[in-house]
file query-v5.csv (CSV, C-alpha atoms (C1' of nucleotides))
chain,number,residue,atom,x,y,z
A,1,MET,CA,0.0,0.0,0.0
A,2,ALA,CA,1.5,3.3,-1.1
A,3,TYR,CA,2.4,5.6,1.7
A,4,GLN,CA,1.8,8.5,-0.6
A,5,ASN,CA,-1.9,8.0,-0.7
A,6,ALA,CA,-2.1,7.5,3.1
A,7,LEU,CA,-0.2,10.7,3.7
A,8,GLY,CA,-2.4,12.7,1.4
A,9,ALA,CA,-5.5,11.2,2.9
A,10,LEU,CA,-4.6,12.1,6.4
A,11,ALA,CA,-3.6,15.7,5.4
A,12,ASP,CA,-7.2,16.9,5.2
A,13,PRO,CA,-8.6,17.9,8.6
A,14,THR,CA,-12.1,16.6,7.9
A,15,ARG,CA,-10.9,13.3,6.6
A,16,ARG,CA,-8.6,13.0,9.6
A,17,SER,CA,-11.7,13.5,11.8
A,18,VAL,CA,-13.4,10.7,10.0
A,19,PHE,CA,-10.4,8.4,10.5
A,20,GLU,CA,-10.0,9.3,14.1
A,21,ARG,CA,-13.7,8.7,14.8
A,22,LEU,CA,-13.2,5.1,13.6
A,23,LEU,CA,-10.5,4.6,16.3
A,24,ASP,CA,-13.4,4.2,18.8
A,25,GLY,CA,-14.4,1.1,16.9
A,26,PRO,CA,-16.1,0.0,13.7
A,27,GLN,CA,-19.1,2.2,12.7
A,28,PRO,CA,-21.6,2.5,9.9
A,29,VAL,CA,-21.5,5.6,7.7
A,30,GLY,CA,-24.6,7.3,9.3
A,31,ARG,CA,-23.1,7.2,12.7
A,32,ILE,CA,-19.8,8.6,11.5
A,33,ALA,CA,-21.5,11.4,9.6
A,34,LYS,CA,-23.6,12.3,12.6
A,35,GLY,CA,-22.1,15.3,14.3
A,36,MET,CA,-19.8,16.0,11.4
A,37,PRO,CA,-19.8,19.6,10.0
A,38,VAL,CA,-20.2,18.2,6.5
A,39,SER,CA,-22.9,16.3,4.6
A,40,ARG,CA,-23.2,12.5,4.6
A,41,PRO,CA,-22.2,12.2,1.0
A,42,ALA,CA,-19.0,14.1,1.8
A,43,VAL,CA,-18.2,11.6,4.5
A,44,SER,CA,-18.8,8.8,2.0
A,45,GLN,CA,-16.3,10.4,-0.3
A,46,HIS,CA,-13.8,10.8,2.5
A,47,LEU,CA,-14.2,7.1,3.4
A,48,LYS,CA,-13.6,6.2,-0.2
A,49,VAL,CA,-10.3,8.0,-0.2
A,50,LEU,CA,-9.3,6.5,3.1
A,51,LYS,CA,-10.2,3.1,1.8
A,52,GLU,CA,-8.1,3.5,-1.3
A,53,ALA,CA,-5.2,4.6,0.9
A,54,GLY,CA,-5.5,1.4,2.9
A,55,LEU,CA,-6.4,3.3,6.0
A,56,VAL,CA,-9.9,1.7,6.5
A,57,THR,CA,-11.8,-1.4,5.4
A,58,ASP,CA,-15.5,-1.7,4.9
A,59,ARG,CA,-18.0,-4.5,5.3
A,60,ALA,CA,-21.7,-4.8,4.5
A,61,GLU,CA,-24.0,-5.4,7.3
A,62,GLY,CA,-27.5,-5.4,6.0
A,63,THR,CA,-28.3,-2.1,4.5
A,64,ARG,CA,-25.5,-0.5,6.4
A,65,ARG,CA,-21.9,-0.3,5.6
A,66,VAL,CA,-19.6,-0.7,8.5
A,67,TYR,CA,-16.1,0.9,8.3
A,68,CYS,CA,-13.1,0.0,10.3
A,69,ILE,CA,-9.6,1.1,10.8
A,70,ASP,CA,-7.0,-0.7,8.7
A,71,PRO,CA,-3.6,-0.7,10.2
A,72,HIS,CA,-1.9,-1.3,6.8
A,73,GLY,CA,-2.1,2.3,5.7
A,74,LEU,CA,-1.0,3.6,9.0
A,75,ALA,CA,1.9,1.2,9.0
A,76,ALA,CA,3.0,2.3,5.6
A,77,VAL,CA,3.2,5.9,6.7
A,78,ARG,CA,5.1,4.9,9.8
A,79,ARG,CA,7.6,2.9,7.8
A,80,TYR,CA,8.0,5.9,5.4
A,81,LEU,CA,8.8,8.2,8.3
A,82,ASP,CA,11.0,5.8,10.2
A,83,GLN,CA,13.0,5.2,7.1
A,84,PHE,CA,14.1,8.8,7.2
A,85,TRP,CA,14.3,9.3,10.9
A,86,ASP,CA,18.0,8.4,11.3
A,87,GLN,CA,19.0,10.4,8.3
A,88,ALA,CA,17.1,13.4,9.6
A,89,LEU,CA,18.8,13.2,12.9
A,90,ALA,CA,22.2,12.9,11.2
A,91,ALA,CA,21.5,15.9,9.0
A,92,PHE,CA,20.4,17.9,12.0
A,93,ALA,CA,23.4,16.9,14.0
A,94,ALA,CA,25.8,17.9,11.3
A,95,GLU,CA,24.0,21.3,11.0
A,96,ALA,CA,24.1,21.9,14.7
A,97,GLU,CA,27.9,21.9,14.7
A,98,LYS,CA,28.2,24.7,12.1
A,99,ALA,CA,25.1,26.6,13.1
A,100,PRO,CA,26.3,29.1,15.7
A,101,GLU,CA,29.8,29.6,14.2
A,102,LYS,CA,30.6,31.2,10.9
A,103,PRO,CA,31.0,28.5,8.4
A,104,GLN,CA,34.2,28.2,6.4
A,105,GLU,CA,34.2,29.2,2.7
A,106,GLY,CA,34.7,26.9,-0.2
A,107,GLU,CA,32.7,23.9,-1.6
B,1,MET,CA,4.9,22.4,16.4
B,2,ALA,CA,1.6,21.1,15.1
B,3,TYR,CA,1.6,17.7,13.5
B,4,GLN,CA,-1.3,19.0,11.3
B,5,ASN,CA,1.0,21.3,9.4
B,6,ALA,CA,3.7,18.7,9.0
B,7,LEU,CA,1.2,16.2,7.7
B,8,GLY,CA,-0.2,18.6,5.2
B,9,ALA,CA,3.3,19.7,4.1
B,10,LEU,CA,4.4,16.2,3.4
B,11,ALA,CA,1.3,15.4,1.4
B,12,ASP,CA,2.3,17.2,-1.7
B,13,PRO,CA,4.6,15.1,-3.9
B,14,THR,CA,6.8,18.1,-5.1
B,15,ARG,CA,7.2,19.3,-1.5
B,16,ARG,CA,8.1,15.9,-0.4
B,17,SER,CA,10.8,15.7,-3.0
B,18,VAL,CA,12.2,19.0,-1.7
B,19,PHE,CA,12.2,17.5,1.8
B,20,GLU,CA,13.8,14.2,0.8
B,21,ARG,CA,16.5,16.0,-1.1
B,22,LEU,CA,17.5,17.6,2.1
B,23,LEU,CA,18.1,14.2,3.7
B,24,ASP,CA,21.3,14.1,1.8
B,25,GLY,CA,22.5,17.0,3.8
B,26,PRO,CA,22.0,20.8,4.1
B,27,GLN,CA,21.8,22.6,0.8
B,28,PRO,CA,21.2,26.1,-0.6
B,29,VAL,CA,18.0,26.8,-2.5
B,30,GLY,CA,19.7,26.8,-5.9
B,31,ARG,CA,21.1,23.4,-5.5
B,32,ILE,CA,17.7,22.0,-4.3
B,33,ALA,CA,15.9,23.6,-7.2
B,34,LYS,CA,18.4,22.2,-9.7
B,35,GLY,CA,16.8,19.2,-11.4
B,36,MET,CA,13.4,19.8,-10.0
B,37,PRO,CA,10.5,19.9,-12.4
B,38,VAL,CA,9.3,23.2,-11.1
B,39,SER,CA,10.7,26.8,-11.0
B,40,ARG,CA,13.0,28.1,-8.4
B,41,PRO,CA,10.4,30.4,-6.8
B,42,ALA,CA,8.1,27.4,-6.4
B,43,VAL,CA,10.8,25.6,-4.5
B,44,SER,CA,11.2,28.7,-2.3
B,45,GLN,CA,7.5,28.6,-1.5
B,46,HIS,CA,7.7,24.9,-0.7
B,47,LEU,CA,10.6,25.6,1.6
B,48,LYS,CA,8.6,28.2,3.4
B,49,VAL,CA,5.8,25.8,4.0
B,50,LEU,CA,8.2,23.1,5.2
B,51,LYS,CA,9.8,25.6,7.5
B,52,GLU,CA,6.5,26.7,9.0
B,53,ALA,CA,5.7,23.1,9.6
B,54,GLY,CA,8.9,22.6,11.5
B,55,LEU,CA,10.3,20.2,9.0
B,56,VAL,CA,13.3,22.3,8.0
B,57,THR,CA,15.4,25.1,9.3
B,58,ASP,CA,17.3,27.7,7.3
B,59,ARG,CA,20.5,29.6,7.8
B,60,ALA,CA,22.1,32.5,5.9
B,61,GLU,CA,25.5,31.8,4.4
B,62,GLY,CA,26.6,34.8,2.4
B,63,THR,CA,24.1,35.5,-0.3
B,64,ARG,CA,22.9,31.9,-0.1
B,65,ARG,CA,20.4,30.4,2.2
B,66,VAL,CA,21.1,26.9,3.4
B,67,TYR,CA,18.2,24.7,4.3
B,68,CYS,CA,18.4,21.7,6.6
B,69,ILE,CA,16.1,19.0,7.9
B,70,ASP,CA,14.6,19.7,11.2
B,71,PRO,CA,13.7,16.5,13.1
B,72,HIS,CA,11.0,18.3,15.2
B,73,GLY,CA,8.3,18.3,12.5
B,74,LEU,CA,9.0,14.7,11.7
B,75,ALA,CA,8.9,13.8,15.3
B,76,ALA,CA,5.5,15.5,15.7
B,77,VAL,CA,4.0,13.4,12.9
B,78,ARG,CA,5.6,10.2,14.3
B,79,ARG,CA,4.1,10.9,17.7
B,80,TYR,CA,0.7,11.5,16.2
B,81,LEU,CA,0.7,8.2,14.3
B,82,ASP,CA,2.2,6.3,17.3
B,83,GLN,CA,-0.5,7.6,19.5
B,84,PHE,CA,-3.1,5.8,17.4
B,85,TRP,CA,-1.2,2.7,16.5
B,86,ASP,CA,-2.3,0.6,19.4
B,87,GLN,CA,-5.9,1.7,19.0
B,88,ALA,CA,-5.8,0.9,15.3
B,89,LEU,CA,-4.5,-2.6,16.0
B,90,ALA,CA,-7.2,-3.2,18.6
B,91,ALA,CA,-9.9,-2.0,16.2
B,92,PHE,CA,-8.6,-4.1,13.5
B,93,ALA,CA,-8.4,-7.2,15.7
B,94,ALA,CA,-11.9,-6.8,16.9
B,95,GLU,CA,-13.1,-6.5,13.3
B,96,ALA,CA,-11.1,-9.6,12.2
B,97,GLU,CA,-13.2,-11.7,14.6
B,98,LYS,CA,-16.5,-10.6,13.1
B,99,ALA,CA,-15.3,-11.1,9.5
B,100,PRO,CA,-13.6,-14.5,9.6
B,101,GLU,CA,-14.4,-15.2,5.9
B,102,LYS,CA,-12.1,-12.6,4.5
B,103,PRO,CA,-9.6,-11.3,6.9
B,104,GLN,CA,-7.2,-10.1,4.2
B,105,GLU,CA,-7.9,-8.2,1.0
B,106,GLY,CA,-7.7,-10.0,-2.3
B,107,GLU,CA,-10.1,-10.8,-5.2
C,1,DA,C1',-45.1,-6.0,-3.6
C,2,DC,C1',-44.7,-1.5,-1.6
C,3,DT,C1',-42.4,1.5,1.5
C,4,DT,C1',-38.7,3.0,4.2
C,5,DA,C1',-33.8,3.4,5.5
C,6,DC,C1',-29.0,3.5,4.2
C,7,DG,C1',-25.3,4.7,1.5
C,8,DG,C1',-22.6,5.1,-3.0
C,9,DT,C1',-22.1,7.9,-7.2
C,10,DA,C1',-22.7,11.9,-10.7
C,11,DA,C1',-22.7,16.6,-11.8
C,12,DG,C1',-21.7,21.0,-10.7
C,13,DT,C1',-20.0,24.8,-7.7
C,14,DT,C1',-16.7,26.8,-4.8
C,15,DA,C1',-12.6,27.3,-2.3
C,16,DA,C1',-7.7,26.2,-1.9
C,17,DA,C1',-3.2,25.5,-3.2
C,18,DA,C1',0.5,25.0,-6.6
C,19,DC,C1',2.9,27.2,-10.2
C,20,DT,C1',4.5,31.0,-13.2
C,21,DT,C1',6.6,35.6,-14.3
C,22,DA,C1',8.2,39.8,-12.6
C,23,DC,C1',10.3,42.5,-9.2
C,24,DA,C1',13.1,43.9,-5.1
C,25,DA,C1',16.5,43.3,-1.3
C,26,DA,C1',21.0,41.7,0.4
C,27,DA,C1',25.5,40.3,-0.2
C,28,DC,C1',29.7,39.0,-2.7
C,29,DT,C1',33.0,40.5,-7.0
C,30,DG,C1',36.0,43.1,-9.7
D,1,DC,C1',30.8,51.8,-6.9
D,2,DA,C1',28.6,49.3,-10.5
D,3,DG,C1',27.4,44.7,-11.7
D,4,DT,C1',26.4,39.9,-10.7
D,5,DT,C1',24.5,36.2,-7.8
D,6,DT,C1',21.1,34.3,-4.9
D,7,DT,C1',16.9,34.3,-2.9
D,8,DG,C1',12.3,35.8,-1.1
D,9,DT,C1',7.8,37.8,-2.2
D,10,DA,C1',3.8,39.8,-4.9
D,11,DA,C1',0.4,39.3,-8.3
D,12,DG,C1',-2.1,36.6,-11.2
D,13,DT,C1',-3.4,32.2,-13.4
D,14,DT,C1',-4.5,27.4,-13.5
D,15,DT,C1',-5.2,23.1,-11.5
D,16,DT,C1',-6.9,20.4,-7.8
D,17,DA,C1',-9.9,18.8,-4.3
D,18,DA,C1',-13.6,19.5,-1.1
D,19,DC,C1',-18.5,20.1,-0.7
D,20,DT,C1',-23.4,20.3,-2.0
D,21,DT,C1',-27.8,18.6,-4.1
D,22,DA,C1',-29.9,15.2,-6.7
D,23,DC,C1',-30.5,10.6,-7.9
D,24,DC,C1',-30.2,5.4,-8.0
D,25,DG,C1',-29.5,0.7,-6.2
D,26,DT,C1',-29.9,-2.5,-2.4
D,27,DA,C1',-31.6,-4.5,1.7
D,28,DA,C1',-35.0,-4.8,5.4
D,29,DG,C1',-39.8,-4.2,7.4
D,30,DT,C1',-44.9,-4.2,6.9
call {"tool": "encode", "arguments": {"input": "query-v5.csv", "output": "structure tokens"}}
result
Amino acid sequence: MAYQNALGALADPTRRSVFERLLDGPQPVGRIAKGMPVSRPAVSQHLKVLKEAGLVTDRAEGTRRVYCIDPHGLAAVRRYLDQFWDQALAAFAAEAEKAPEKPQEGE
Amino acid sequence: MAYQNALGALADPTRRSVFERLLDGPQPVGRIAKGMPVSRPAVSQHLKVLKEAGLVTDRAEGTRRVYCIDPHGLAAVRRYLDQFWDQALAAFAAEAEKAPEKPQEGE
DNA sequence: ACTTACGGTAAGTTAAAACTTACAAAACTG
DNA sequence: CAGTTTTGTAAGTTTTAACTTACCGTAAGT
């Protein structure tokens, strides 16, 4: 599952709210949309994006559609960030040394 | 530093490229922009967003401006995701029991 | 079979954000 | 001091994406 999609999906505040609401447990669309500042179809569209990003799964339950957190998408983003963490620390450490002093010329 | 900004900043592919380029080490704007599919001012704007998100820092070096990875923004996003990881796993595990027919995707 | 509830999708509108060119400020160079 | 280099910012355009209303299919209840 591509981390790119998951990152993009979680970037939108409204969509993030939808995602976070599912952390309380699997819920049908109507329940998720209830109390949201946007319309029910908007929530459906957000769920579609989240699903394509591997962040949620869905299951039919009668006429309702129950959505649930899918750890795969979250894991993909975590892996992406972890991959760079050491490099980021190293780059920052290297910078910290020349930061306060005037750097030498030449390249 | 708000994880929201960092998340939004990393969502854009071009901006992510700028960020990833800095993982090789601190670089001035011109160097970063070189080889990019967008104009130099566009890169400057991306750097501004990354800076406001706490993902990079900048330092003046003569007429050049050297940008460097800032771990703080990255750390904020990691914390945000880690905070939900256990809950996500729990929600998924609970779901897996109800849907024993198709625990994984495929088809 | 008819009716009601639930939710996905289409079409269209509106708001945001990414990109471009043009310009201006600051600092080296000769 | 005049000219060049390097970068940030303003203004304006274009592309993207978020949201709304309207509609259709499917499943359950009477």
call {"tool": "calpha_fit_rmsd", "arguments": {"input": "query-v5.csv", "fixed": "chain B", "moving": "chain A"}}
result
4.9 Å
call {"tool": "atom_distance", "arguments": {"input": "query-v5.csv", "atom1": "CA of Leu10 in chain B", "atom2": "CA of Leu7 in chain A"}}
result
7.2 Å
call {"tool": "residues_around", "arguments": {"input": "query-v5.csv", "residues": "DA16 in chain C", "least_positions_apart": "5", "cutoff": "12 Å", "atoms": "only C-alpha atoms (C1' of nucleotides)", "output": "PyMOL selection string"}}
result
(chain A and resi 12) or (chain D and resi 15-18)
call {"tool": "closest_atom_pairs", "arguments": {"input": "query-v5.csv", "of": "chain A", "to": "chain D", "cutoff": "8 Å", "atoms": "only C-alpha atoms (C1' of nucleotides)", "output": "Markdown table"}}
result
| residue | atom | partner | partner_atom | distance |
| --- | --- | --- | --- | --- |
| A:Val38 | CA | D:DC19 | C1' | 7.6 |
| A:Ser39 | CA | D:DT20 | C1' | 7.7 |
| A:Ala42 | CA | D:DC19 | C1' | 6.5 |
| A:Gly62 | CA | D:DA27 | C1' | 6.0 |
| A:Thr63 | CA | D:DA27 | C1' | 4.9 |
call {"tool": "interface_residues", "arguments": {"input": "query-v5.csv", "of": "chain C", "to": "chain A", "cutoff": "8 Å", "atoms": "only C-alpha atoms (C1' of nucleotides)", "output": "list in words"}}
result
DA5, DC6, DG7 and DG8 of chain C
call {"tool": "atom_distance", "arguments": {"input": "query-v5.csv", "atom1": "CA of Lys34 in chain A", "atom2": "CA of Ala88 in chain B"}}
result
21.3 Å
call {"tool": "atom_distance", "arguments": {"input": "query-v5.csv", "atom1": "CA of Phe84 in chain B", "atom2": "CA of Lys51 in chain B"}}
result
25.6 Å
call {"tool": "closest_residue", "arguments": {"input": "query-v5.csv", "among": "B:Ala96, B:His72, B:Gln83, B:Leu23", "to": "chain A", "atoms": "only C-alpha atoms"}}
result
B:Leu23
call {"tool": "interface_residues", "arguments": {"input": "query-v5.csv", "of": "chain B", "to": "chain A", "cutoff": "7 Å", "atoms": "only C-alpha atoms", "output": "list in words"}}
result
Leu7, Gly8, Ala11, Leu23, Gly25, Pro26, Cys68, Ile69, Asp70, Pro71, Arg78, Gln87, Ala88, Leu89, Ala91 and Phe92 of chain B
call {"tool": "closest_residue", "arguments": {"input": "query-v5.csv", "among": "A:Ala2, A:Gly73, A:Ser17, A:Tyr80", "to": "Gly54 in chain A", "atoms": "all atoms listed in the file"}}
result
A:Gly73
call {"tool": "build_atoms", "arguments": {"input": "query-v5.csv", "residues": "range 16-48 of chain A", "atoms": "N, CA and C atoms", "output": "PDB file, in the frame of the given file"}}
result
ATOM      1  N   ARG A  16      -9.338  13.493   8.404  1.00  0.00           N
ATOM      2  CA  ARG A  16      -8.600  13.000   9.600  1.00  0.00           C
ATOM      3  C   ARG A  16      -9.649  12.767  10.708  1.00  0.00           C
ATOM      4  N   SER A  17     -10.635  13.640  10.794  1.00  0.00           N
ATOM      5  CA  SER A  17     -11.700  13.500  11.800  1.00  0.00           C
ATOM      6  C   SER A  17     -12.439  12.167  11.585  1.00  0.00           C
ATOM      7  N   VAL A  18     -12.742  11.899  10.340  1.00  0.00           N
ATOM      8  CA  VAL A  18     -13.400  10.700  10.000  1.00  0.00           C
ATOM      9  C   VAL A  18     -12.591   9.461  10.449  1.00  0.00           C
ATOM     10  N   PHE A  19     -11.342   9.520  10.107  1.00  0.00           N
ATOM     11  CA  PHE A  19     -10.400   8.400  10.500  1.00  0.00           C
ATOM     12  C   PHE A  19     -10.353   8.278  11.993  1.00  0.00           C
ATOM     13  N   GLU A  20     -10.200   9.379  12.681  1.00  0.00           N
ATOM     14  CA  GLU A  20     -10.000   9.300  14.100  1.00  0.00           C
ATOM     15  C   GLU A  20     -11.317   8.832  14.820  1.00  0.00           C
ATOM     16  N   ARG A  21     -12.439   9.133  14.193  1.00  0.00           N
ATOM     17  CA  ARG A  21     -13.700   8.700  14.800  1.00  0.00           C
ATOM     18  C   ARG A  21     -13.780   7.146  14.751  1.00  0.00           C
ATOM     19  N   LEU A  22     -13.139   6.559  13.769  1.00  0.00           N
ATOM     20  CA  LEU A  22     -13.200   5.100  13.600  1.00  0.00           C
ATOM     21  C   LEU A  22     -12.257   4.411  14.661  1.00  0.00           C
ATOM     22  N   LEU A  23     -11.420   5.199  15.317  1.00  0.00           N
ATOM     23  CA  LEU A  23     -10.500   4.600  16.300  1.00  0.00           C
ATOM     24  C   LEU A  23     -11.322   4.112  17.520  1.00  0.00           C
ATOM     25  N   ASP A  24     -12.525   4.662  17.707  1.00  0.00           N
ATOM     26  CA  ASP A  24     -13.400   4.200  18.800  1.00  0.00           C
ATOM     27  C   ASP A  24     -13.968   2.843  18.521  1.00  0.00           C
ATOM     28  N   GLY A  25     -13.857   2.435  17.264  1.00  0.00           N
ATOM     29  CA  GLY A  25     -14.400   1.100  16.900  1.00  0.00           C
ATOM     30  C   GLY A  25     -15.140   1.235  15.565  1.00  0.00           C
ATOM     31  N   PRO A  26     -15.401   0.088  14.935  1.00  0.00           N
ATOM     32  CA  PRO A  26     -16.100   0.000  13.700  1.00  0.00           C
ATOM     33  C   PRO A  26     -17.469   0.708  13.751  1.00  0.00           C
ATOM     34  N   GLN A  27     -17.827   1.488  12.737  1.00  0.00           N
ATOM     35  CA  GLN A  27     -19.100   2.200  12.700  1.00  0.00           C
ATOM     36  C   GLN A  27     -19.655   2.314  11.331  1.00  0.00           C
ATOM     37  N   PRO A  28     -20.981   2.324  11.225  1.00  0.00           N
ATOM     38  CA  PRO A  28     -21.600   2.500   9.900  1.00  0.00           C
ATOM     39  C   PRO A  28     -21.507   4.009   9.525  1.00  0.00           C
ATOM     40  N   VAL A  29     -21.688   4.286   8.260  1.00  0.00           N
ATOM     41  CA  VAL A  29     -21.500   5.600   7.700  1.00  0.00           C
ATOM     42  C   VAL A  29     -22.376   6.668   8.404  1.00  0.00           C
ATOM     43  N   GLY A  30     -23.634   6.307   8.635  1.00  0.00           N
ATOM     44  CA  GLY A  30     -24.600   7.300   9.300  1.00  0.00           C
ATOM     45  C   GLY A  30     -24.060   7.738  10.604  1.00  0.00           C
ATOM     46  N   ARG A  31     -23.563   6.799  11.377  1.00  0.00           N
ATOM     47  CA  ARG A  31     -23.100   7.200  12.700  1.00  0.00           C
ATOM     48  C   ARG A  31     -21.846   8.079  12.602  1.00  0.00           C
ATOM     49  N   ILE A  32     -20.979   7.774  11.661  1.00  0.00           N
ATOM     50  CA  ILE A  32     -19.800   8.600  11.500  1.00  0.00           C
ATOM     51  C   ILE A  32     -20.174  10.013  11.067  1.00  0.00           C
ATOM     52  N   ALA A  33     -21.127  10.094  10.147  1.00  0.00           N
ATOM     53  CA  ALA A  33     -21.500  11.400   9.600  1.00  0.00           C
ATOM     54  C   ALA A  33     -22.231  12.246  10.665  1.00  0.00           C
ATOM     55  N   LYS A  34     -22.869  11.563  11.613  1.00  0.00           N
ATOM     56  CA  LYS A  34     -23.600  12.300  12.600  1.00  0.00           C
ATOM     57  C   LYS A  34     -22.671  13.150  13.478  1.00  0.00           C
ATOM     58  N   GLY A  35     -22.961  14.422  13.549  1.00  0.00           N
ATOM     59  CA  GLY A  35     -22.100  15.300  14.300  1.00  0.00           C
ATOM     60  C   GLY A  35     -20.993  15.929  13.520  1.00  0.00           C
ATOM     61  N   MET A  36     -20.830  15.463  12.297  1.00  0.00           N
ATOM     62  CA  MET A  36     -19.800  16.000  11.400  1.00  0.00           C
ATOM     63  C   MET A  36     -20.295  17.348  10.841  1.00  0.00           C
ATOM     64  N   PRO A  37     -19.379  18.265  10.572  1.00  0.00           N
ATOM     65  CA  PRO A  37     -19.800  19.600  10.000  1.00  0.00           C
ATOM     66  C   PRO A  37     -20.057  19.508   8.520  1.00  0.00           C
ATOM     67  N   VAL A  38     -19.942  18.331   7.922  1.00  0.00           N
ATOM     68  CA  VAL A  38     -20.200  18.200   6.500  1.00  0.00           C
ATOM     69  C   VAL A  38     -21.303  17.200   6.220  1.00  0.00           C
ATOM     70  N   SER A  39     -21.787  17.188   5.003  1.00  0.00           N
ATOM     71  CA  SER A  39     -22.900  16.300   4.600  1.00  0.00           C
ATOM     72  C   SER A  39     -22.488  14.835   4.626  1.00  0.00           C
ATOM     73  N   ARG A  40     -23.500  13.975   4.604  1.00  0.00           N
ATOM     74  CA  ARG A  40     -23.200  12.500   4.600  1.00  0.00           C
ATOM     75  C   ARG A  40     -22.516  12.077   3.345  1.00  0.00           C
ATOM     76  N   PRO A  41     -22.914  12.556   2.172  1.00  0.00           N
ATOM     77  CA  PRO A  41     -22.200  12.200   1.000  1.00  0.00           C
ATOM     78  C   PRO A  41     -20.681  12.596   1.050  1.00  0.00           C
ATOM     79  N   ALA A  42     -20.417  13.711   1.647  1.00  0.00           N
ATOM     80  CA  ALA A  42     -19.000  14.100   1.800  1.00  0.00           C
ATOM     81  C   ALA A  42     -18.245  13.120   2.614  1.00  0.00           C
ATOM     82  N   VAL A  43     -18.886  12.633   3.658  1.00  0.00           N
ATOM     83  CA  VAL A  43     -18.200  11.600   4.500  1.00  0.00           C
ATOM     84  C   VAL A  43     -17.991  10.353   3.681  1.00  0.00           C
ATOM     85  N   SER A  44     -18.951   9.984   2.852  1.00  0.00           N
ATOM     86  CA  SER A  44     -18.800   8.800   2.000  1.00  0.00           C
ATOM     87  C   SER A  44     -17.571   8.970   1.086  1.00  0.00           C
ATOM     88  N   GLN A  45     -17.420  10.164   0.557  1.00  0.00           N
ATOM     89  CA  GLN A  45     -16.300  10.400  -0.300  1.00  0.00           C
ATOM     90  C   GLN A  45     -14.968  10.346   0.429  1.00  0.00           C
ATOM     91  N   HIS A  46     -14.960  10.840   1.640  1.00  0.00           N
ATOM     92  CA  HIS A  46     -13.800  10.800   2.500  1.00  0.00           C
ATOM     93  C   HIS A  46     -13.427   9.310   2.768  1.00  0.00           C
ATOM     94  N   LEU A  47     -14.457   8.547   3.054  1.00  0.00           N
ATOM     95  CA  LEU A  47     -14.200   7.100   3.400  1.00  0.00           C
ATOM     96  C   LEU A  47     -13.664   6.394   2.150  1.00  0.00           C
ATOM     97  N   LYS A  48     -14.097   6.804   0.986  1.00  0.00           N
ATOM     98  CA  LYS A  48     -13.600   6.200  -0.200  1.00  0.00           C
ATOM     99  C   LYS A  48     -12.072   6.433  -0.371  1.00  0.00           C
TER     100      LYS A  48
END
